[in-house]
Structures are given as C-alpha cells and as structure tokens.
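Printed here is run-v2.cif (mmCIF, C-alpha atoms):
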```
data_run
loop_
_atom_site.group_PDB
_atom_site.id
_atom_site.type_symbol
_atom_site.label_atom_id
_atom_site.label_comp_id
_atom_site.auth_asym_id
_atom_site.auth_seq_id
_atom_site.Cartn_x
_atom_site.Cartn_y
_atom_site.Cartn_z
ATOM 1 C CA MET D 1 -50.842 14.811 60.256
ATOM 2 C CA ALA D 2 -49.169 16.718 63.096
ATOM 3 C CA THR D 3 -45.518 16.242 63.843
ATOM 4 C CA GLN D 4 -44.346 14.946 67.184
ATOM 5 C CA ALA D 5 -43.000 18.400 67.992
ATOM 6 C CA GLU D 6 -46.433 19.927 67.311
ATOM 7 C CA LEU D 7 -48.123 17.287 69.438
ATOM 8 C CA ALA D 8 -45.630 17.854 72.262
ATOM 9 C CA ALA D 9 -46.285 21.606 72.124
ATOM 10 C CA GLU D 10 -50.036 21.024 72.230
ATOM 11 C CA LEU D 11 -49.695 18.660 75.186
ATOM 12 C CA ALA D 12 -47.518 21.180 77.019
ATOM 13 C CA ALA D 13 -50.112 23.902 76.426
ATOM 14 C CA LYS D 14 -52.927 21.667 77.702
ATOM 15 C CA THR D 15 -50.853 20.717 80.747
ATOM 16 C CA ALA D 16 -50.314 24.391 81.567
ATOM 17 C CA GLN D 17 -54.022 25.057 81.080
ATOM 18 C CA ILE D 18 -55.134 22.263 83.421
ATOM 19 C CA ARG D 19 -52.547 23.238 86.044
ATOM 20 C CA LYS D 20 -53.887 26.815 85.960
ATOM 21 C CA ALA D 21 -57.445 25.552 86.359
ATOM 22 C CA ILE D 22 -56.409 23.287 89.251
ATOM 23 C CA ASP D 23 -54.708 26.219 90.985
ATOM 24 C CA GLU D 24 -57.820 28.381 90.571
ATOM 25 C CA ILE D 25 -60.140 25.634 91.838
ATOM 26 C CA THR D 26 -57.867 24.906 94.785
ATOM 27 C CA ALA D 27 -57.758 28.580 95.765
ATOM 28 C CA LYS D 28 -61.557 28.850 95.632
ATOM 29 C CA LEU D 29 -61.999 25.644 97.644
ATOM 30 C CA ASP D 30 -59.489 26.833 100.249
ATOM 31 C CA ALA D 31 -61.327 30.150 100.608
ATOM 32 C CA LEU D 32 -64.653 28.373 100.943
ATOM 33 C CA MET D 33 -63.365 25.915 103.530
ATOM 34 C CA ASN D 34 -61.688 28.725 105.498
ATOM 35 C CA ALA D 35 -64.986 30.588 105.592
ATOM 36 C CA VAL D 36 -66.792 27.487 106.846
ATOM 37 C CA ASN D 37 -64.114 26.645 109.401
ATOM 38 C CA ASN D 38 -63.936 30.171 110.811
ATOM 39 C CA ALA D 39 -67.608 30.764 111.502
ATOM 40 C CA PRO D 40 -70.395 29.115 113.406
ATOM 41 C CA VAL D 41 -72.121 26.790 110.948
ATOM 42 C CA THR D 42 -75.243 24.698 110.859
ATOM 43 C CA PRO D 43 -74.965 20.919 110.803
ATOM 44 C CA GLU D 44 -76.169 21.005 107.195
ATOM 45 C CA LEU D 45 -73.376 23.356 106.153
ATOM 46 C CA ARG D 46 -70.810 21.265 108.027
ATOM 47 C CA ALA D 47 -72.101 18.120 106.273
ATOM 48 C CA ALA D 48 -71.900 19.849 102.885
ATOM 49 C CA ALA D 49 -68.323 20.986 103.585
ATOM 50 C CA ASP D 50 -67.356 17.481 104.721
ATOM 51 C CA ALA D 51 -68.931 15.972 101.588
ATOM 52 C CA LEU D 52 -66.985 18.422 99.432
ATOM 53 C CA GLY D 53 -63.785 17.491 101.231
ATOM 54 C CA GLY D 54 -64.488 13.815 100.567
ATOM 55 C CA ALA D 55 -65.166 14.461 96.888
ATOM 56 C CA VAL D 56 -61.959 16.467 96.528
ATOM 57 C CA GLN D 57 -59.989 13.680 98.214
ATOM 58 C CA ALA D 58 -61.578 11.070 95.939
ATOM 59 C CA ALA D 59 -60.575 13.110 92.889
ATOM 60 C CA ASP D 60 -57.048 13.498 94.258
ATOM 61 C CA ASP D 61 -56.797 9.751 94.870
ATOM 62 C CA ILE D 62 -57.431 8.944 91.207
ATOM 63 C CA VAL D 63 -53.846 9.756 90.279
ATOM 64 C CA PRO D 64 -51.004 8.894 92.665
ATOM 65 C CA ASP D 65 -48.884 11.790 93.858
ATOM 66 C CA ALA D 66 -45.547 12.214 92.126
ATOM 67 C CA PRO D 67 -42.555 11.216 94.222
ATOM 68 C CA PRO D 68 -40.655 14.154 95.738
ATOM 69 C CA ALA D 69 -37.794 15.524 93.673
ATOM 70 C CA PRO D 70 -34.343 14.418 94.873
#
```
When written as structure tokens, how does the structure in this file appear?
Amino acid sequence: MATQAELAAELAAKTAQIRKAIDEITAKLDALMNAVNNAPVTPELRAAADALGGAVQAADDIVPDAPPAP
C-alpha cells in the first residue's frame, strides 16, 4: 500500500500533467479562434466556431473558478 507522501507526490504529478495539457489545448483553441475571427468565414464555419466556444464554456462551467488570491 502506498504511503500518503507517495500518494501526494502522484497527485501533484497528475495535477502538473493536466495543467500542461490544459495550457496546450487552450493555446490551440486560441489560435484556431483567432484564425476564424480574423478572416472571412462561411456561416458553417462560424457556426462550428460558436459551437466549439459553447462546448468549451460548458466544460469550464463544470468546476467553479477558484477565488482570486488575496
């Protein structure tokens, strides 16, 4: 059985991993949305971008934002 220290270290590693993935996904989404917003687009592309924005917001809404640090 793992010790609490080992479990804490594993949780910290997983937290760092998911934060890295979130940063990478966010950067790719920002680049994609910038490309869409800075070019003439078809209604279908605009609808797809809007749907993506809604899905991202829904995912963000799952967990409340942390309060700002004092």
Find the distance between CA of Ala58 in chain D and CA of Gln17 in chain D and write it in Å to one decimal.
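For CA of Ala58 in chain D relative to CA of Gln17 in chain D, the distance reads 21.8 Å.
Of the listed residues (D:Ile18, D:Ala2, D:Val36, D:Ala66), D:Val36 comes nearest to Leu52 in chain D; the distances count only C-alpha atoms.
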Run the PyMOL selection byres ((chain D and resi 32) around 12) mentally over the shown coordinates, then write out the matched residues as JSON, numbers by chain, using the chain letters and numbers from the document.
{"D": [25, 26, 27, 28, 29, 30, 31, 33, 34, 35, 36, 37, 38, 39, 45, 46, 48, 49, 50, 52, 53]}
For Ala59 in chain D, which residue out of D:Met1, D:Val41, D:Ile22, D:Ala47 is the nearest one, using only C-alpha atoms?
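With only C-alpha atoms as the atom set, the closest residue is D:Ile22.
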